[in-house]
$ cat work16.cif   # mmCIF, C-alpha atoms and all ligand atoms
data_final
#
loop_
_atom_site.label_atom_id
_atom_site.label_comp_id
_atom_site.auth_asym_id
_atom_site.auth_seq_id
_atom_site.Cartn_x
_atom_site.Cartn_y
_atom_site.Cartn_z
CA MET O 1 9.80 13.44 4.68
CA VAL O 2 8.99 10.44 6.86
CA SER O 3 10.89 7.28 6.03
CA LEU O 4 11.81 3.95 7.56
CA GLU O 5 15.29 2.60 6.85
CA ILE O 6 15.06 -1.13 6.19
CA THR O 7 18.60 -1.49 4.80
CA THR O 8 21.18 1.07 3.70
CA LYS O 9 19.72 0.67 0.20
CA ARG O 10 16.02 0.36 0.92
CA PHE O 11 13.81 2.97 2.56
CA ILE O 12 10.07 2.97 3.05
CA GLY O 13 7.96 6.12 2.78
CA LEU O 14 5.92 8.19 0.39
CA GLN O 15 9.01 9.25 -1.60
CA HIS O 16 10.07 5.60 -2.15
CA PRO O 17 8.50 2.74 -4.10
CA VAL O 18 5.83 0.90 -2.11
CA PHE O 19 7.49 -1.94 -0.17
CA ILE O 20 5.88 -5.26 -1.08
CA ILE O 21 5.98 -8.20 1.32
CA ALA O 22 4.95 -11.69 0.22
CA GLU O 23 3.71 -13.41 3.37
CA ILE O 24 4.53 -17.09 3.00
CA GLY O 25 3.35 -17.53 6.56
CA GLN O 26 2.17 -21.12 6.90
CA ASN O 27 1.40 -21.65 3.22
CA HIS O 28 4.54 -23.82 2.87
CA GLN O 29 2.55 -26.76 4.32
CA GLY O 30 5.48 -27.55 6.65
CA SER O 31 7.86 -28.21 3.75
CA VAL O 32 11.13 -26.35 3.13
CA ASP O 33 10.95 -27.31 -0.55
CA GLU O 34 7.49 -25.80 -0.83
CA ALA O 35 8.76 -22.68 0.96
CA LYS O 36 11.55 -22.42 -1.63
CA LYS O 37 9.02 -22.71 -4.45
CA LEU O 38 7.04 -19.88 -2.84
CA ILE O 39 10.22 -17.78 -2.61
CA ASP O 40 10.89 -18.44 -6.32
CA ALA O 41 7.34 -17.44 -7.19
CA ALA O 42 7.52 -14.31 -5.05
CA ARG O 43 10.76 -13.24 -6.75
CA LEU O 44 9.24 -13.71 -10.20
CA ALA O 45 6.23 -11.69 -9.10
CA GLY O 46 8.53 -8.77 -8.23
CA VAL O 47 8.22 -8.54 -4.42
CA ASP O 48 10.78 -6.80 -2.19
CA CYS O 49 10.63 -9.22 0.69
CA VAL O 50 9.48 -12.70 1.65
CA LYS O 51 8.25 -13.39 5.13
CA LEU O 52 7.61 -16.36 7.39
CA GLN O 53 6.25 -16.67 10.93
CA LYS O 54 8.46 -17.74 13.83
CA SER O 55 7.08 -19.10 17.10
CA SER O 56 8.51 -20.83 20.09
CA LEU O 57 5.30 -22.65 20.92
CA GLU O 58 5.79 -22.93 24.69
CA ASP O 59 6.65 -19.21 24.78
CA LYS O 60 3.70 -18.05 22.70
CA PHE O 61 1.05 -20.43 24.05
CA THR O 62 0.11 -21.81 27.47
CA LYS O 63 0.18 -25.58 27.87
CA HIS O 64 -3.62 -25.74 27.76
CA ALA O 65 -3.78 -23.60 24.64
CA LEU O 66 -1.44 -26.07 22.94
CA GLU O 67 -3.53 -29.02 24.15
CA ARG O 68 -6.77 -27.61 22.69
CA PRO O 69 -8.25 -29.97 20.14
CA TYR O 70 -8.03 -28.52 16.62
CA SER O 71 -10.45 -30.32 14.41
CA SER O 72 -10.62 -27.77 11.59
CA LYS O 73 -10.26 -29.02 8.01
CA HIS O 74 -7.08 -26.95 8.00
CA SER O 75 -5.55 -28.83 10.93
CA TRP O 76 -2.22 -30.67 10.69
CA GLY O 77 -2.62 -32.36 14.09
CA GLU O 78 -5.15 -33.39 16.71
CA THR O 79 -4.29 -30.54 19.06
CA TYR O 80 -3.50 -26.94 18.23
CA GLY O 81 0.03 -27.55 19.52
CA GLN O 82 0.59 -30.51 17.19
CA HIS O 83 -0.84 -28.50 14.32
CA LYS O 84 1.44 -25.54 14.96
CA GLN O 85 4.48 -27.78 15.55
CA TYR O 86 3.93 -29.39 12.15
CA LEU O 87 4.08 -25.98 10.49
CA GLU O 88 7.03 -24.61 12.46
CA PHE O 89 10.46 -24.59 10.77
CA SER O 90 13.58 -25.29 12.82
CA ASP O 91 16.26 -22.65 13.34
CA ASP O 92 18.44 -24.37 10.74
CA GLU O 93 15.60 -24.43 8.23
CA PHE O 94 15.13 -20.69 8.80
CA LYS O 95 18.83 -20.14 8.11
CA GLU O 96 18.62 -22.20 4.93
CA LEU O 97 15.57 -20.29 3.70
CA LYS O 98 17.13 -16.92 4.51
CA SER O 99 20.23 -17.80 2.45
CA TYR O 100 18.01 -19.12 -0.33
CA ALA O 101 16.02 -15.87 -0.48
CA GLU O 102 19.09 -13.67 -0.25
CA ARG O 103 20.76 -15.52 -3.12
CA GLN O 104 17.78 -14.32 -5.14
CA ASN O 105 18.25 -10.75 -3.94
CA LEU O 106 15.16 -10.86 -1.79
CA LEU O 107 14.92 -9.53 1.73
CA PHE O 108 13.92 -12.27 4.14
CA THR O 109 12.25 -11.88 7.51
CA ALA O 110 9.61 -13.34 9.80
CA SER O 111 7.12 -12.20 12.37
CA ALA O 112 8.37 -12.82 15.90
CA LYS O 113 5.52 -14.33 17.84
CA ASP O 114 7.27 -14.31 21.24
CA CYS O 115 10.45 -12.98 22.85
CA LYS O 116 12.47 -16.14 22.18
CA SER O 117 11.66 -16.00 18.48
CA LEU O 118 12.52 -12.31 18.45
CA LYS O 119 15.97 -13.12 19.85
CA PHE O 120 16.46 -15.81 17.22
CA LEU O 121 15.50 -13.45 14.39
CA GLN O 122 17.84 -10.81 15.75
CA GLU O 123 20.68 -13.32 15.71
CA LEU O 124 19.67 -14.41 12.22
CA ASP O 125 20.14 -10.75 11.35
CA VAL O 126 16.92 -10.23 9.45
CA PRO O 127 16.62 -6.69 8.04
CA PHE O 128 13.52 -5.88 10.09
CA ILE O 129 11.21 -7.58 12.55
CA LYS O 130 7.52 -7.98 11.81
CA ILE O 131 5.12 -8.05 14.74
CA GLY O 132 1.83 -9.66 13.69
CA SER O 133 -1.57 -8.48 14.78
CA GLY O 134 -2.05 -11.19 17.41
CA ASP O 135 1.16 -10.09 19.11
CA ALA O 136 0.80 -6.30 18.87
CA ASP O 137 -0.70 -6.07 22.36
CA ASP O 138 2.08 -8.17 23.95
CA HIS O 139 3.75 -5.58 26.17
CA PHE O 140 6.88 -7.69 26.75
CA LEU O 141 7.38 -8.56 23.09
CA LEU O 142 6.86 -4.96 21.96
CA LEU O 143 9.27 -3.65 24.52
CA GLU O 144 12.00 -6.12 23.58
CA ALA O 145 11.36 -5.54 19.90
CA ALA O 146 11.61 -1.77 20.38
CA ARG O 147 14.87 -2.22 22.32
CA CYS O 148 16.46 -4.66 19.88
CA GLY O 149 17.46 -1.91 17.49
CA LYS O 150 15.96 -3.48 14.36
CA PRO O 151 13.39 -1.63 12.26
CA LEU O 152 9.88 -2.83 13.11
CA ILE O 153 6.74 -3.31 11.05
CA ILE O 154 3.76 -3.80 13.32
CA SER O 155 0.32 -5.00 12.22
CA THR O 156 -2.76 -3.81 14.03
CA GLY O 157 -5.56 -6.32 13.36
CA MET O 158 -7.78 -7.13 16.35
CA GLN O 159 -6.81 -3.80 18.02
CA ASP O 160 -8.84 -0.66 18.66
CA ILE O 161 -7.43 2.83 18.18
CA ASP O 162 -6.55 3.22 21.88
CA ASN O 163 -4.37 0.16 21.73
CA VAL O 164 -2.81 1.25 18.47
CA ARG O 165 -1.87 4.54 20.20
CA ARG O 166 -0.41 2.51 23.06
CA VAL O 167 1.69 0.47 20.60
CA TYR O 168 2.90 3.63 18.88
CA ASN O 169 3.81 5.35 22.16
CA LYS O 170 5.64 2.30 23.50
CA VAL O 171 7.86 1.94 20.46
CA LYS O 172 8.32 5.67 19.97
CA LYS O 173 9.92 5.98 23.41
CA HIS O 174 12.82 3.98 21.95
CA HIS O 175 13.05 5.07 18.33
CA ASN O 176 11.18 6.21 15.24
CA ASN O 177 12.30 3.46 12.89
CA PHE O 178 9.00 1.63 12.69
CA ALA O 179 5.81 1.45 10.66
CA LEU O 180 2.23 0.49 11.45
CA LEU O 181 0.07 -1.62 9.15
CA HIS O 182 -3.68 -1.38 9.09
CA CYS O 183 -4.99 -4.94 9.12
CA VAL O 184 -8.23 -6.82 9.72
CA SER O 185 -7.60 -10.34 10.98
CA SER O 186 -10.44 -12.27 9.36
CA TYR O 187 -9.71 -14.88 6.72
CA PRO O 188 -10.96 -13.85 4.21
CA THR O 189 -11.99 -10.33 5.24
CA ASP O 190 -15.33 -9.12 3.87
CA TYR O 191 -14.89 -5.92 1.89
CA GLU O 192 -17.27 -4.04 4.19
CA ASP O 193 -14.97 -4.87 7.12
CA VAL O 194 -11.78 -3.68 5.43
CA ASN O 195 -12.25 0.01 6.34
CA LEU O 196 -9.36 1.30 4.27
CA ARG O 197 -9.90 4.84 5.55
CA VAL O 198 -8.12 3.71 8.72
CA ILE O 199 -5.00 4.30 6.65
CA GLN O 200 -5.87 8.01 6.56
CA THR O 201 -6.68 7.93 10.28
CA TYR O 202 -3.25 6.46 11.00
CA ARG O 203 -1.53 8.96 8.70
CA ASN O 204 -3.17 11.80 10.62
CA GLU O 205 -2.55 10.30 14.06
CA PHE O 206 0.99 9.08 13.41
CA PRO O 207 2.41 11.50 10.84
CA ASP O 208 6.04 10.73 11.66
CA ILE O 209 6.02 7.04 10.63
CA PRO O 210 5.12 5.21 7.41
CA ILE O 211 1.72 3.50 7.27
CA GLY O 212 1.00 0.32 5.34
CA TYR O 213 -1.64 -2.32 4.84
CA SER O 214 -1.67 -6.06 5.48
CA GLY O 215 -4.68 -7.53 3.69
CA HIS O 216 -6.64 -10.74 4.07
CA GLU O 217 -9.48 -9.96 1.68
CA LEU O 218 -9.91 -11.67 -1.67
CA GLY O 219 -8.32 -10.26 -4.81
CA ILE O 220 -5.99 -7.41 -5.63
CA ALA O 221 -8.24 -4.33 -5.77
CA VAL O 222 -8.03 -3.44 -2.08
CA PRO O 223 -4.21 -3.29 -1.71
CA VAL O 224 -4.04 -1.12 -4.82
CA ALA O 225 -6.65 1.21 -3.33
CA ALA O 226 -4.65 1.18 -0.07
CA VAL O 227 -1.69 2.56 -2.00
CA ALA O 228 -3.90 5.31 -3.42
CA LEU O 229 -4.77 6.22 0.18
CA GLY O 230 -1.10 6.48 1.12
CA ALA O 231 -0.05 2.98 2.19
CA THR O 232 3.69 2.61 1.62
CA ILE O 233 3.93 -1.07 2.64
CA ILE O 234 1.69 -3.82 1.26
CA GLU O 235 1.68 -7.31 2.72
CA LYS O 236 -0.37 -10.15 1.22
CA HIS O 237 -0.18 -13.91 1.62
CA ILE O 238 1.15 -15.83 -1.36
CA THR O 239 0.07 -19.35 -2.33
CA LEU O 240 0.83 -21.85 -5.07
CA ASP O 241 -2.67 -23.28 -4.84
CA LYS O 242 -5.67 -21.67 -3.17
CA SER O 243 -7.36 -25.02 -2.67
CA GLN O 244 -4.56 -26.37 -0.44
CA LYS O 245 -5.16 -27.20 3.21
CA GLY O 246 -4.49 -24.24 5.51
CA ASN O 247 -6.36 -21.30 6.97
CA ASP O 248 -4.70 -18.69 4.76
CA HIS O 249 -4.67 -20.16 1.24
CA GLN O 250 -8.09 -18.88 0.22
CA CYS O 251 -7.29 -15.25 0.96
CA SER O 252 -3.80 -15.51 -0.56
CA LEU O 253 -2.74 -14.41 -4.02
CA THR O 254 -1.36 -16.73 -6.66
CA PRO O 255 2.01 -15.67 -8.13
CA GLU O 256 0.20 -14.35 -11.23
CA GLU O 257 -2.20 -12.29 -9.08
CA PHE O 258 0.75 -11.02 -7.08
CA ARG O 259 2.45 -9.87 -10.26
CA THR O 260 -0.68 -8.11 -11.48
CA MET O 261 -1.16 -6.47 -8.07
CA ILE O 262 2.42 -5.18 -8.12
CA CYS O 263 2.00 -3.81 -11.69
CA ASN O 264 -1.15 -2.03 -10.56
CA ILE O 265 0.58 -0.68 -7.45
CA ARG O 266 3.50 0.63 -9.51
CA ALA O 267 1.06 2.35 -11.88
CA THR O 268 -0.91 3.78 -8.96
CA GLU O 269 2.12 5.20 -7.17
CA GLN O 270 3.17 6.97 -10.37
CA ALA O 271 -0.36 8.28 -10.79
CA ILE O 272 -0.85 9.67 -7.28
CA GLY O 273 1.10 12.87 -8.02
CA ASP O 274 1.47 15.94 -5.81
CA GLY O 275 -2.16 17.04 -5.61
CA VAL O 276 -1.46 20.41 -7.29
CA LYS O 277 -4.07 20.95 -10.02
CA LYS O 278 -2.48 22.21 -13.18
CA PHE O 279 -2.86 22.16 -16.96
CA THR O 280 -0.40 19.43 -17.87
CA SER O 281 1.74 19.77 -20.99
CA SER O 282 0.62 16.28 -22.07
CA GLU O 283 -2.94 17.69 -22.40
CA MET O 284 -1.85 20.19 -25.07
CA HIS O 285 -2.55 17.80 -27.94
CA CYS O 286 -6.16 17.34 -26.84
CA TYR O 287 -6.53 21.06 -26.08
CA ASN O 288 -5.28 22.06 -29.52
CA LYS O 289 -7.92 19.80 -31.03
CA LEU O 290 -10.89 20.30 -28.68
CA GLY O 291 -10.18 23.36 -26.52
CA LYS O 292 -12.89 26.02 -26.91
CA SER O 293 -12.49 29.67 -27.96
CA VAL O 294 -14.67 32.75 -27.92
CA VAL O 295 -16.37 33.31 -31.30
CA ALA O 296 -18.83 35.84 -32.70
CA ALA O 297 -22.51 34.88 -32.20
CA LYS O 298 -23.40 37.21 -35.11
CA ASP O 299 -21.69 39.68 -37.40
CA LEU O 300 -20.04 42.22 -35.08
CA VAL O 301 -19.09 45.79 -35.98
CA ARG O 302 -15.85 47.49 -35.04
CA GLY O 303 -16.15 49.88 -32.06
CA ILE O 304 -18.99 48.17 -30.19
CA SER O 305 -18.77 47.47 -26.52
CA ILE O 306 -19.05 43.69 -26.42
CA GLU O 307 -22.09 42.12 -24.71
CA GLU O 308 -22.68 38.54 -23.64
CA SER O 309 -25.21 38.01 -26.45
CA ASP O 310 -22.48 38.92 -29.01
CA LEU O 311 -20.45 35.86 -28.12
CA LYS O 312 -20.54 32.07 -28.24
CA ILE O 313 -18.00 29.55 -27.08
CA LYS O 314 -17.02 26.89 -29.60
CA VAL O 315 -14.18 24.74 -30.81
CA SER O 316 -12.83 27.03 -33.55
CA HIS O 317 -10.20 26.80 -36.23
CA PRO O 318 -7.91 28.59 -35.87
CA SER O 319 -8.36 28.82 -32.11
CA GLY O 320 -8.86 32.28 -30.69
CA ILE O 321 -9.20 33.87 -27.27
CA PRO O 322 -9.52 30.90 -24.86
CA ALA O 323 -12.97 30.24 -23.41
CA LYS O 324 -11.71 30.89 -19.88
CA GLU O 325 -11.14 34.59 -20.87
CA PHE O 326 -14.83 35.05 -21.71
CA GLU O 327 -15.63 37.21 -18.67
CA TYR O 328 -12.87 39.72 -19.52
CA LEU O 329 -14.45 40.37 -22.92
CA ILE O 330 -17.75 41.72 -21.64
CA GLY O 331 -17.66 45.53 -21.98
CA ALA O 332 -14.42 45.46 -24.00
CA LYS O 333 -14.16 47.46 -27.26
CA LEU O 334 -13.95 45.62 -30.59
CA ARG O 335 -11.11 46.83 -32.82
CA ARG O 336 -12.36 45.38 -36.12
CA ASP O 337 -15.41 43.84 -37.77
CA ILE O 338 -15.80 40.15 -36.97
CA ASN O 339 -18.01 37.82 -38.97
CA TYR O 340 -20.48 35.35 -37.49
CA ASP O 341 -18.71 32.18 -36.17
CA GLU O 342 -15.24 33.75 -36.47
CA PRO O 343 -12.98 33.44 -33.42
CA LEU O 344 -11.94 36.60 -31.63
CA MET O 345 -8.16 37.07 -31.47
CA PRO O 346 -6.39 38.92 -28.64
CA GLU O 347 -5.44 41.73 -31.02
CA ASP O 348 -9.14 42.24 -31.96
CA VAL O 349 -10.11 43.56 -28.53
CA ASP O 350 -9.23 46.35 -26.08
CA PHE O 351 -9.50 44.39 -22.85
CA LEU O 352 -10.84 46.37 -19.89
CA ASP O 353 -9.26 44.46 -17.05
CA ARG O 354 -7.66 41.05 -17.32
C1 LIG O 401 -3.16 -13.52 13.64
C2 LIG O 401 -2.17 -14.30 12.86
O1 LIG O 401 -1.25 -14.86 13.41
N1 LIG O 401 -2.33 -14.31 11.53
C3 LIG O 401 -1.40 -14.93 10.61
C4 LIG O 401 -1.10 -13.97 9.53
O2 LIG O 401 -1.94 -13.58 8.75
C5 LIG O 401 -2.02 -16.18 9.99
O3 LIG O 401 -1.16 -16.68 9.02
C6 LIG O 401 -2.28 -17.21 11.05
O4 LIG O 401 -1.05 -17.74 11.49
C7 LIG O 401 -3.12 -18.33 10.49
O5 LIG O 401 -4.28 -17.82 9.90
C8 LIG O 401 -3.50 -19.26 11.62
O6 LIG O 401 -4.12 -20.39 11.10
P1 LIG O 401 -4.16 -21.71 11.97
O7 LIG O 401 -4.85 -21.30 13.26
O8 LIG O 401 -4.91 -22.70 11.17
O9 LIG O 401 -2.73 -22.13 12.24
C1 LIG O 402 -0.11 -12.18 11.83
C2 LIG O 402 0.76 -11.63 11.03
O1 LIG O 402 0.53 -10.61 10.18
P1 LIG O 402 -0.80 -9.69 10.02
O2 LIG O 402 -1.27 -9.37 11.37
O3 LIG O 402 -0.28 -8.54 9.27
O4 LIG O 402 -1.76 -10.51 9.26
C3 LIG O 402 2.15 -12.08 10.97
O5 LIG O 402 2.93 -11.42 10.28
O6 LIG O 402 2.47 -13.08 11.62
#

$ encode --input "work16.cif" --output "structure tokens"
Amino acid sequence: MVSLEITTKRFIGLQHPVFIIAEIGQNHQGSVDEAKKLIDAARLAGVDCVKLQKSSLEDKFTKHALERPYSSKHSWGETYGQHKQYLEFSDDEFKELKSYAERQNLLFTASAKDCKSLKFLQELDVPFIKIGSGDADDHFLLLEAARCGKPLIISTGMQDIDNVRRVYNKVKKHHNNFALLHCVSSYPTDYEDVNLRVIQTYRNEFPDIPIGYSGHELGIAVPVAAVALGATIIEKHITLDKSQKGNDHQCSLTPEEFRTMICNIRATEQAIGDGVKKFTSSEMHCYNKLGKSVVAAKDLVRGISIEESDLKIKVSHPSGIPAKEFEYLIGAKLRRDINYDEPLMPEDVDFLDR
């Protein structure tokens, strides 16, 4: 069975509980205290892992990209660079938050947005490296990430299938300890753009790695459905207040929603089962009460060769020959008289061929 080893105690794959990542991302508003509150909330909600984003701005962006004006209502500065700088935690702040999360028994990691950040996260010894959608086509970053020896979880928003294959092949040359997440990078994502069946496409195309889902749509229904389709990792943004400033708050989940989503995911993973259709022992109670039997449609005389018109199928008491045996009774010899509405018992009939 395919599985991704995140730590010696935690594996990801269909035979393991779905791995839940609370993406704090930029929802901390640039405040370590707020980030700690989000970690607390994520722990109470029952997540496996909390995640931030780590950029070295001059490594991820060109000078001109940083100098672009950013006049959005979600902006924390006049230029995009100032905005991003405001939201970026220092290396020491990352260390503090990692210790804080680990003291609460939570895994802590971040997406590496450039090679310098990747190196920092490696040194910080995060359990796995996340590569976000915007960085999944960065050849240099992918290569270094694949070589760094850490497990990788790679999101695939803003990519077509050819590029996703390219990502897969690049990492696979180095190792198999990675997973791909289906993702659509619009905030919030319209339901008709979510295309959850991509999860099945990925499972068919990349059968030797776990597949997950990183969602930016509203609500909790879609990640739960993703699990039903075989997603073994779910990532969603977490917020303390959806009305806060920031591009991601609206499509994030509150701690309460997160908790409900996780309950629903846990129920769904139990309910998926093995796909083998069987009569389950737990159905016996209902069957004993409402299961149908073969009964006489009229008074029947011993010795007749039974015809279809001699029989009806009803819920009888006591129950008799089960309804599913009906076909085997046609042409069979009756061993005793049976009254109208009486169930036929196995010992009442000489079956021809069962
Ligand atoms: C693709 C990607 O990185 N997406 C991230 C993860 O979902 C987001 O958190 C962005 O960082 C965020 O939406 C950007 O918002 P702004 O541009 O206001 O900083
Ligand atoms: C952009 C990121 O994630 P995703 O692509 O999964 O939204 C990220 O983790 O930084």

$ atom_distance --input "work16.cif" --atom1 "CA of Ala136 (chain O)" --atom2 "CA of Val164 (chain O)"
8.4 Å

$ residues_near_ligand --input "work16.cif" --ligand "ligand LIG 402 (chain O)" --cutoff "9 Å" --atoms "all atoms listed in the file" --output "PyMOL selection string"
chain O and resi 23+25+51-54+110-113+130-136+153-158+181-186+213-216+235-237

$ write_last_selection --input "work16.cif" --atoms "C-alpha atoms" --output "CSV table (one decimal), in the frame of the given file"
chain,number,residue,atom,x,y,z
O,23,GLU,CA,3.7,-13.4,3.4
O,25,GLY,CA,3.4,-17.5,6.6
O,51,LYS,CA,8.2,-13.4,5.1
O,52,LEU,CA,7.6,-16.4,7.4
O,53,GLN,CA,6.2,-16.7,10.9
O,54,LYS,CA,8.5,-17.7,13.8
O,110,ALA,CA,9.6,-13.3,9.8
O,111,SER,CA,7.1,-12.2,12.4
O,112,ALA,CA,8.4,-12.8,15.9
O,113,LYS,CA,5.5,-14.3,17.8
O,130,LYS,CA,7.5,-8.0,11.8
O,131,ILE,CA,5.1,-8.0,14.7
O,132,GLY,CA,1.8,-9.7,13.7
O,133,SER,CA,-1.6,-8.5,14.8
O,134,GLY,CA,-2.0,-11.2,17.4
O,135,ASP,CA,1.2,-10.1,19.1
O,136,ALA,CA,0.8,-6.3,18.9
O,153,ILE,CA,6.7,-3.3,11.0
O,154,ILE,CA,3.8,-3.8,13.3
O,155,SER,CA,0.3,-5.0,12.2
O,156,THR,CA,-2.8,-3.8,14.0
O,157,GLY,CA,-5.6,-6.3,13.4
O,158,MET,CA,-7.8,-7.1,16.4
O,181,LEU,CA,0.1,-1.6,9.2
O,182,HIS,CA,-3.7,-1.4,9.1
O,183,CYS,CA,-5.0,-4.9,9.1
O,184,VAL,CA,-8.2,-6.8,9.7
O,185,SER,CA,-7.6,-10.3,11.0
O,186,SER,CA,-10.4,-12.3,9.4
O,213,TYR,CA,-1.6,-2.3,4.8
O,214,SER,CA,-1.7,-6.1,5.5
O,215,GLY,CA,-4.7,-7.5,3.7
O,216,HIS,CA,-6.6,-10.7,4.1
O,235,GLU,CA,1.7,-7.3,2.7
O,236,LYS,CA,-0.4,-10.2,1.2
O,237,HIS,CA,-0.2,-13.9,1.6

$ axis_aligned_box --input "work16.cif" --around "ligand LIG 401 (chain O)" --padding-each-side "5 Å" --output "AutoDock Vina command-line options"
--center_x -3.0 --center_y -18.1 --center_z 11.2 --size_x 13.9 --size_y 19.2 --size_z 14.9

$ atom_distance --input "work16.cif" --atom1 "CA of Asn204 (chain O)" --atom2 "CA of Ser252 (chain O)"
29.5 Å

$ residues_around --input "work16.cif" --residues "Lys298 (chain O)" --least-positions-apart "6" --cutoff "9 Å" --atoms "all atoms listed in the file" --output "list of chain:residue names"
O:Ser309, O:Asp310, O:Leu311, O:Ile338, O:Asn339, O:Tyr340, O:Asp341, O:Glu342

$ closest_residue --input "work16.cif" --among "O:Lys289, O:His83, O:His174, O:Arg10" --to "ligand LIG 401 (chain O)" --atoms "all atoms listed in the file"
O:His83

$ closest_residue --input "work16.cif" --among "O:Leu87, O:Val171, O:Val32, O:Ile211" --to "ligand LIG 401 (chain O)" --atoms "all atoms listed in the file"
O:Leu87

$ atom_distance --input "work16.cif" --atom1 "CA of Phe258 (chain O)" --atom2 "CA of Gln15 (chain O)"
22.6 Å

$ residues_near_point --input "work16.cif" --point "(-7.8, -16.9, -0.9)" --cutoff "7 Å" --atoms "all atoms listed in the file" --output "number ranges by chain"
O: 188, 218, 242, 248-253

$ residues_around --input "work16.cif" --residues "Val294 (chain O)" --least-positions-apart "6" --cutoff "7 Å" --atoms "only C-alpha atoms" --output "ChimeraX atom specification"
/O:311-314,320-323,326,343-344

$ residues_near_point --input "work16.cif" --point "(10.6, -1.7, 4.9)" --cutoff "12 Å" --atoms "all atoms listed in the file" --output "PyMOL selection string"
chain O and resi 3-14+16-21+47-51+107-109+126-130+150-154+177-181+209-212+231-235

$ closest_residue --input "work16.cif" --among "O:Leu66, O:Val301, O:Leu106, O:Val2" --to "ligand LIG 401 (chain O)" --atoms "only C-alpha atoms and all ligand atoms"
O:Leu66

$ closest_residue --input "work16.cif" --among "O:Gln159, O:Asn247, O:Thr62, O:Thr79" --to "ligand LIG 401 (chain O)" --atoms "all atoms listed in the file"
O:Asn247

$ closest_residue --input "work16.cif" --among "O:Leu300, O:Leu57, O:Ile39, O:Cys263" --to "ligand LIG 401 (chain O)" --atoms "all atoms listed in the file"
O:Leu57

$ closest_residue --input "work16.cif" --among "O:Asp33, O:Glu192, O:Glu96, O:Asp137" --to "ligand LIG 401 (chain O)" --atoms "only C-alpha atoms and all ligand atoms"
O:Asp137

$ residues_around --input "work16.cif" --residues "Glu144 (chain O)" --least-positions-apart "3" --cutoff "10 Å" --atoms "all atoms listed in the file" --output "count of residues only"
11

$ build_atoms --input "work16.cif" --residues "region 244-248 of chain O" --atoms "all heavy atoms" --output "PDB file, in the frame of the given file"
ATOM      1  N   GLN O 244      -5.335 -25.563  -1.396  1.00  0.00           N
ATOM      2  CA  GLN O 244      -4.560 -26.370  -0.440  1.00  0.00           C
ATOM      3  C   GLN O 244      -5.132 -26.252   0.968  1.00  0.00           C
ATOM      4  O   GLN O 244      -5.826 -25.281   1.296  1.00  0.00           O
ATOM      5  CB  GLN O 244      -3.100 -25.907  -0.430  1.00  0.00           C
ATOM      6  CG  GLN O 244      -2.267 -26.517  -1.536  1.00  0.00           C
ATOM      7  CD  GLN O 244      -0.830 -26.002  -1.537  1.00  0.00           C
ATOM      8  OE1 GLN O 244      -0.577 -24.870  -1.134  1.00  0.00           O
ATOM      9  NE2 GLN O 244       0.090 -26.816  -1.996  1.00  0.00           N
ATOM     10  N   LYS O 245      -4.748 -27.231   1.804  1.00  0.00           N
ATOM     11  CA  LYS O 245      -5.160 -27.200   3.210  1.00  0.00           C
ATOM     12  C   LYS O 245      -4.415 -26.063   3.919  1.00  0.00           C
ATOM     13  O   LYS O 245      -3.219 -25.882   3.709  1.00  0.00           O
ATOM     14  CB  LYS O 245      -4.806 -28.547   3.839  1.00  0.00           C
ATOM     15  CG  LYS O 245      -5.187 -28.672   5.288  1.00  0.00           C
ATOM     16  CD  LYS O 245      -5.212 -30.127   5.681  1.00  0.00           C
ATOM     17  CE  LYS O 245      -4.218 -30.423   6.772  1.00  0.00           C
ATOM     18  NZ  LYS O 245      -4.281 -31.821   7.203  1.00  0.00           N
ATOM     19  N   GLY O 246      -5.129 -25.339   4.761  1.00  0.00           N
ATOM     20  CA  GLY O 246      -4.490 -24.240   5.510  1.00  0.00           C
ATOM     21  C   GLY O 246      -5.425 -23.039   5.550  1.00  0.00           C
ATOM     22  O   GLY O 246      -6.078 -22.715   4.552  1.00  0.00           O
ATOM     23  N   ASN O 247      -5.426 -22.397   6.702  1.00  0.00           N
ATOM     24  CA  ASN O 247      -6.360 -21.300   6.970  1.00  0.00           C
ATOM     25  C   ASN O 247      -6.190 -20.097   6.036  1.00  0.00           C
ATOM     26  O   ASN O 247      -7.134 -19.337   5.833  1.00  0.00           O
ATOM     27  CB  ASN O 247      -6.116 -20.833   8.425  1.00  0.00           C
ATOM     28  CG  ASN O 247      -7.272 -20.073   8.998  1.00  0.00           C
ATOM     29  OD1 ASN O 247      -8.429 -20.432   8.772  1.00  0.00           O
ATOM     30  ND2 ASN O 247      -6.983 -19.019   9.727  1.00  0.00           N
ATOM     31  N   ASP O 248      -4.996 -19.936   5.472  1.00  0.00           N
ATOM     32  CA  ASP O 248      -4.700 -18.690   4.760  1.00  0.00           C
ATOM     33  C   ASP O 248      -4.746 -18.796   3.230  1.00  0.00           C
ATOM     34  O   ASP O 248      -4.664 -17.768   2.550  1.00  0.00           O
ATOM     35  CB  ASP O 248      -3.298 -18.187   5.150  1.00  0.00           C
ATOM     36  CG  ASP O 248      -3.169 -17.945   6.650  1.00  0.00           C
ATOM     37  OD1 ASP O 248      -4.198 -17.668   7.294  1.00  0.00           O
ATOM     38  OD2 ASP O 248      -2.041 -18.055   7.161  1.00  0.00           O
TER      39      ASP O 248
END
